[in-house]
Structure formats: structure tokens, C-alpha cells
Amino acid sequence: CPLIQHLHLLAQRLFSDFESSLQTEEQRQLNKIFLQDFCNSDYIISPIDKHETQRSSVLKLLSISYRLVESWEFPSRSLSGGSAPRIQISPKLSELKTGILLLIKANQDGADLFPDSSALQLAPYGNYYQSLGADESLRRTYELLACFKKDMHKVETYLTVAKCRLSPEANCTL
């Protein structure tokens with residue numbers, strides 16, 4: 001799916017641009033802090049490794065991908081980085097979410113994967129939007145970009161596996 005590849009590359013570029021703007025000591029401190037923190041989307045139950053991903057059903061992978069993309073709808077509005085304006089991110093996430101939903105509907109057998117869709121709404125990254133001091137703001141930006149990159153990588157992986165299962169002619173080896 002070229003759209004998720006684009007979003008994943010965009011996430012990597014945003015994170016790299018941000019990291020390269022940091023001093024070495026700042027970067028070391030942020031890496032230490034980030035290892036102790038969790039992403040907002042970590043509550044979404046997803047496969048823990050390659051083997052579990054490959055054992056998961058197409059519908060499960062699509063459902064997880066949908067939830068991950070949806071979890072970024074609000075936070076993506078505050079993502080920004082030098083060469084990649086955040087304006088590009090939100091519409092692409094919406095487009096991807098719509099595409100995944102169409103795939104889910106085409107592949108489900110009457111099962112309602114989202115019985116309570118209101119439960120899918122995430123708190124918009126906790127207290128991310130409070131007024132913060134410079135150090136705290138830097139840390140939050142780092143966390144947000146690192147989580148966005150991590151989640152887009154997951155979505156790209158899950159959609160690739162789903163595509164390989166749905167299209168035998170795709171001739172995929174994972």
C-alpha cells in the first residue's frame with residue numbers, strides 16, 4: 001500500500017529531522033526517558049513479534065491497523081517537522097483509515113469488529129497540549145514523533161501481511 005509506505009517514510013523523516021536538530025547530550029537524555037515511557041497506542045493489543053503477526057487473521061491485522069491509524073487522527077494535528085508539514089499527515093491518515101475500513105467490510109463475515117466504536121477514541125496524548133517548559137516540550141515532541149514512527153511501522157507491516165494473504169499473486173515472502 002503506497003499510502004502507508006509514504007506515511008511511514010514521512011514519520012521516519014520527521015523523527016530524523018527532529019533528532020538531528022538536537023545536541024548529543026539532549027538526544028541521550030531523551031532516549032533514556034523514552035525507554036521508560038509508553039506510547040498512547042500501546043493499549044491497542046497487537047502481535048508481539050513476527051511469528052504472532054503471521055499467525056494473526058487478516059481481519060485481526062486490518063482491525064489493529066485501523067485502530068492504530070485512528071489513534072493518530074487527533075495527535076497528528078500537532079506533528080510538524082522541517083520539510084514535512086503536518087498538513088500532509090492528517091488527510092493521509094483519514095484516507096488510509098477509509099481504505100482499511102473498506103477492506104475490513106469486504107473481508108468480514110457479519111462479525112462486528114467495532115461493537116462500541118466510541119470506545120476506540122483515545123485521550124489525545126494525555127497532557128501533551130498543556131503549556132510546557134522548553135525541556136518538557138522537547139521531550140513530548142520526541143515521544144510523539146517516536147510513537148508515530150513506531151505505529152506507522154506496525155501498520156505498514158500488518159497491511160503488508162494482510163495484502164500477501166489476500167492476493168496470492170502478490171508472491172510475498174515475509
# chains A, B, ... in the order shown; residues from 1 in each chain; ligands from 1
$ residues_around --residues "A:Lys150" --least-positions-apart "5" --cutoff "10 Å" --atoms "only C-alpha atoms" --output "ChimeraX atom specification"
/A:8,11-12,39,41,144-145,155
$ atom_distance --atom1 "atom CA of A:Ile89" --atom2 "atom CA of A:Thr160"
20.3 Å
$ closest_residue --among "A:Ser65, A:Ser57, A:Ser90, A:Thr141" --to "A:His153" --atoms "only C-alpha atoms"
A:Ser65
$ closest_residue --among "A:Leu62, A:Ile48, A:Cys164, A:Val69" --to "A:Cys147" --atoms "only C-alpha atoms"
A:Val69
